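Let me begin by presenting the structure, written as structure tokens, before commenting on it.
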Amino acid sequence: MPDLKRAFPHFEEPIVKIQDKIDRLLDSDPGSPIVTKLQKERDKLVKKIFSSLTPWQKVQLARHPMRPYAMDYIESVFDDFVELRGDRNFADDRAIMGGPASLDGTTVMVIGTQKGRTAEESVERNFGMPHPEGYRKALRLMKIAEKFSFPVVTLIDTPGAYPGIGAEERGQAEAIAKNLRDMMEMKIPVIVTITGEGGSGGALGLGVGDKILMLENSVYFVCTPEACSAILWRDASKATVAAGTMRLTAADLLELDVIDDVVPEPPGGAHWNRQDMYDTYKKRLKHHLGALKRTSSENLFIKRYEKFRKMGVFENTKK
Amino acid sequence: MNSKKNNVPHGLFKRCPKCDYSIYSKELQLSLWVCPKCDYHFRLPARRRIKMLIDEGTFKEYDSDISTSDPLGFKDIKTYPEKVSEYVKKSGLNEAAVSGTAKIGGYDVSLCVLDFYFMGGSMGSAVGEKVCRAGERALRKKIPFIAVSASGGARMQEGILSLMQMAKTSAVIAKLDKEKIPYFSVMCDPTTGGVSASFAMLGDVNIAESRALIAFAGPRVIKQTIKQDLPPDFQSAEFVRDHGMIDIVVDREDLRGELIRLLRLFSGKPANK
Ligand SMILES: [Zn+2]
């Protein structure tokens, strides 16, 4: 069980307090009738708090340090994962990982951004912020998938592509742009899932596909609410306000026709009942993959093109 | 068309933002808005850029009726429609892109030019749509597509929909790619963020104007992140070329000639004037 006490968002505090009590009682007096009472109280509280989360609270949940990451999904939803590393050009970017795996007997290429759980791991994973090599490795893996007709599954949870000197020197913009174009042309089904933070172009660089899914408490944005508030409000403290205006929740994006499906999370969020999350996600993933299996590669392109081509809202008034 | 408040080079004299030299507007016009003293390339509004690139009188504008909507009901210090209408008034444009067909050196092209003076050339739904339609026009007419970029990136006021314009415009480039229609991308100062990380970097040939800032993340963001000074000339067109992302860096006066040469080479035949 992960340590829930580490850096949870403020609104989770009352739930964590009750859970602590329950855990203590279970240790000393497992048969205590108070446990059942406390559990009921906890469930009620979870329901109350989580039925009315603000967009900013969803951002905090999406960034929750105990939230399942790509590796957790890969280990729990798929079997026989073999990690393939390196872009065959410069380096292996640890912020993106991927390789073939079995989804109940079907081979898929699963690729995800990976954040770290500990401080050490976070540094190794560069906080889930890929360099160009990461995007190029992902594309290399997708081309393998295309060659052997494996569907592609991408799992996205990143604050964004890394803004650094090396990243610029090696063509961060080009790497992302190329993925946008080439993922559009993939001759195999591509299913994209935002599992946590969908951070801007860094997320979109793995985000072009036939079906775009978002976990219920994940967010997807053009820039972080912090950056948005600093730029548009000229006041970094307006992030909560910005989050409320930007429309970045899964429900918002479904309404805006940017995504296809919202995958429900267990009460309290994915980290409160991981197994339940994995089971739900696996079911949804298999459903979408099954529906795409019979589409020809030419039709995949036509539909994927139409899907993205119609995104956006503008006026068209003949003068 | 341009009010006095506009930063567009205008009025009798114009001061060079780089070397502070005062230049006669007439002289500046003759030098294609390049500072005669320090070679600084002034940022150009889209219509002036088009005029400079094409054969006189050949521009046929399309999609000028496409304008901004406010899909999120966005408000920061001002409402998004208020902000846009200020720029519409200042620029005489509907949006940060002007598109159409034209001849360049006798060759038919489909053209889309971004305007940095309109909200920093940022790409929202309307700009994305104009880029796409210009690309699709090139597909239909089987003529080369030329995109001229000058943009700070995505239009934040349209939220996730502006991010999706990156995928949408790249989708059209994928189609051009499949159909083997030449696409020349011209990057001007500045080309960053959501524009550089989508259609602008995807040219069969990538061209940039001398010393233009070309980046994914802007220098300020990088400095904040790494807390170090940046190398000299970092993210200049020349730097980006030397790192392998751009084919040709040209002075403004050579841009048209370079495009004509490419159009001739890629079509493999003399112009049809
Ligand atoms: Zn000068």
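Labeling convention for the structure tokens: chains A, B, ... as they appear, residues from 1 per chain, ligands from 1 in order of appearance.
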Q: Give the residues close to ligand 1, within 10 Å, counting only C-alpha atoms and all ligand atoms; write them as a PyMOL selection string.
A: chain B and resi 15-23+34-42
Just the selected residues (C-alpha atoms), exported as a PDB file, in the first residue's frame, please.
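And here is the file that came out, result.pdb:
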ATOM      1  CA  ARG B  15      13.506  53.461 -34.883  1.00  0.00           C
ATOM      2  CA  CYS B  16      15.328  50.147 -35.172  1.00  0.00           C
ATOM      3  CA  PRO B  17      14.511  48.142 -32.026  1.00  0.00           C
ATOM      4  CA  LYS B  18      17.938  46.546 -32.107  1.00  0.00           C
ATOM      5  CA  CYS B  19      20.431  49.356 -32.779  1.00  0.00           C
ATOM      6  CA  ASP B  20      18.183  52.361 -32.159  1.00  0.00           C
ATOM      7  CA  TYR B  21      19.030  53.849 -35.550  1.00  0.00           C
ATOM      8  CA  SER B  22      16.381  56.191 -36.972  1.00  0.00           C
ATOM      9  CA  ILE B  23      15.378  55.232 -40.476  1.00  0.00           C
ATOM     10  CA  VAL B  34      15.505  45.490 -42.860  1.00  0.00           C
ATOM     11  CA  CYS B  35      17.608  47.947 -40.850  1.00  0.00           C
ATOM     12  CA  PRO B  36      20.344  49.252 -43.180  1.00  0.00           C
ATOM     13  CA  LYS B  37      22.694  49.683 -40.261  1.00  0.00           C
ATOM     14  CA  CYS B  38      22.433  46.436 -38.281  1.00  0.00           C
ATOM     15  CA  ASP B  39      20.476  44.198 -40.611  1.00  0.00           C
ATOM     16  CA  TYR B  40      17.626  43.746 -38.109  1.00  0.00           C
ATOM     17  CA  HIS B  41      14.597  42.235 -39.856  1.00  0.00           C
ATOM     18  CA  PHE B  42      11.489  44.104 -38.732  1.00  0.00           C
TER      19      PHE B  42
END
Q: Starting from chain A, keep only residues with some atom at most 8 Å from an atom of chain B, counting only C-alpha atoms, and report them as an MDAnalysis selection string.
A: chainID A and resid 163:165 168:178 180:182 184:185 200:201 204 208 220:223 228 232:233 242 245:248 253 258 305 308:319
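Straight-line separation from atom CA of B:Ala46 to atom CA of B:Cys112: 9.0 Å.
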Q: List every residue of stretch 10-230 of chain B that DSSP, applied to the backbone of this structure, places in helix (DSSP H, G or I), and write the result as a ChimeraX atom specification.
A: /B:25-30,46-53,80-91,119-121,125-141,156-179,193-196,199-202,219-226
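One finds atom CA of A:Ile49 at 9.5 Å from atom CA of A:Pro14.
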Q: Quick one: everything within 7 Å of B:Val109, counting only C-alpha atoms, minus sequence neighbours fewer than 3 positions away in the same chain. Send it as a PyMOL selection string.
A: chain B and resi 101-103+143-146
Those residues with N, CA and C atoms, as a short mmCIF file (atom, residue, chain, number, x, y, z; two decimals), in the first residue's frame please?
data_model
loop_
_atom_site.label_atom_id
_atom_site.label_comp_id
_atom_site.auth_asym_id
_atom_site.auth_seq_id
_atom_site.Cartn_x
_atom_site.Cartn_y
_atom_site.Cartn_z
N THR B 101 -4.51 32.14 -52.74
CA THR B 101 -3.61 31.62 -53.76
C THR B 101 -2.89 32.79 -54.43
N ALA B 102 -1.76 32.50 -55.03
CA ALA B 102 -0.99 33.55 -55.70
C ALA B 102 0.00 32.88 -56.64
N LYS B 103 0.67 33.71 -57.41
CA LYS B 103 1.81 33.23 -58.19
C LYS B 103 3.09 33.77 -57.58
N ILE B 143 -1.13 22.20 -56.19
CA ILE B 143 -0.08 23.22 -56.25
C ILE B 143 0.66 23.23 -54.91
N PRO B 144 1.90 23.68 -54.88
CA PRO B 144 2.65 23.68 -53.62
C PRO B 144 1.98 24.54 -52.55
N PHE B 145 2.23 24.16 -51.31
CA PHE B 145 1.71 24.89 -50.16
C PHE B 145 2.87 25.62 -49.50
N ILE B 146 2.68 26.90 -49.24
CA ILE B 146 3.69 27.68 -48.52
C ILE B 146 3.05 28.28 -47.27
#
**Q.** Who sits within 6 Å of A:Lys115, only C-alpha atoms, same chain under 2 positions skipped, as a PyMOL selection string
**A.** chain A and resi 125+127-128
Let me see the file: selected residues, C-alpha atoms, as a short mmCIF file (atom, residue, chain, number, x, y, z; two decimals), in the first residue's frame.
data_model
loop_
_atom_site.label_atom_id
_atom_site.label_comp_id
_atom_site.auth_asym_id
_atom_site.auth_seq_id
_atom_site.Cartn_x
_atom_site.Cartn_y
_atom_site.Cartn_z
CA ARG A 125 12.34 10.27 -15.00
CA PHE A 127 9.51 14.51 -13.58
CA GLY A 128 7.79 12.94 -16.54
#
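Among A:Arg42, A:His10, A:Arg304, A:Arg117, the residue with the shortest atom-to-atom distance to A:Met66, counting only C-alpha atoms, is A:Arg117.
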Q: Mind listing the strand (DSSP E or B) residues of stretch 65-227 of chain A, per DSSP on the backbone, as JSON, numbers by chain?
A: {"A": [79, 96, 97, 98, 99, 100, 101, 102, 103, 106, 107, 108, 109, 110, 111, 112, 113, 152, 153, 154, 155, 156, 157, 158, 190, 191, 192, 193, 194, 195, 196, 197, 198, 199, 211, 212, 213, 214, 215, 219, 220, 221]}
Q | For atom CA of B:Gly120 and atom CA of B:Leu213, the interatomic separation in Å (one decimal) | A | 13.4 Å
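Neighbours of A:Leu300 closer than or equal to 8 Å, with only C-alpha atoms counted and sequence neighbours fewer than 3 positions away skipped, come out as Lys187, Ile188, Pro189, Asp210, Thr295, Ser296, Ser297, Lys303 and Arg304 of chain A.
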Could the residues in this selection be saved with N, CA and C atoms as a short mmCIF file (atom, residue, chain, number, x, y, z; two decimals), in the first residue's frame?
data_model
loop_
_atom_site.label_atom_id
_atom_site.label_comp_id
_atom_site.auth_asym_id
_atom_site.auth_seq_id
_atom_site.Cartn_x
_atom_site.Cartn_y
_atom_site.Cartn_z
N LYS A 187 -1.07 3.06 -39.62
CA LYS A 187 -1.99 2.15 -40.27
C LYS A 187 -2.60 1.15 -39.29
N ILE A 188 -2.39 1.36 -38.02
CA ILE A 188 -2.93 0.47 -36.99
C ILE A 188 -3.74 1.32 -36.00
N PRO A 189 -4.67 0.70 -35.27
CA PRO A 189 -5.45 1.49 -34.30
C PRO A 189 -4.56 2.08 -33.22
N ASP A 210 -7.15 7.17 -32.64
CA ASP A 210 -8.53 6.92 -33.09
C ASP A 210 -9.53 7.15 -31.98
N THR A 295 -11.72 -2.10 -38.60
CA THR A 295 -11.59 -0.96 -39.50
C THR A 295 -10.31 -1.11 -40.35
N SER A 296 -10.44 -0.92 -41.64
CA SER A 296 -9.27 -1.03 -42.52
C SER A 296 -8.33 0.14 -42.26
N SER A 297 -7.07 -0.02 -42.64
CA SER A 297 -6.11 1.04 -42.35
C SER A 297 -6.47 2.33 -43.09
N LYS A 303 -11.03 8.39 -40.87
CA LYS A 303 -11.78 8.76 -39.65
C LYS A 303 -10.93 9.58 -38.69
N ARG A 304 -9.68 9.20 -38.56
CA ARG A 304 -8.78 9.94 -37.66
C ARG A 304 -8.62 11.37 -38.18
#
Q) If you count only C-alpha atoms, which residues fall within 6 Å of stretch 179-189 of chain B, apart from same-chain ones fewer than 3 positions away, as a VMD selection string? A) chain B and resid 144 to 150 176 200 203 to 209 212 to 213
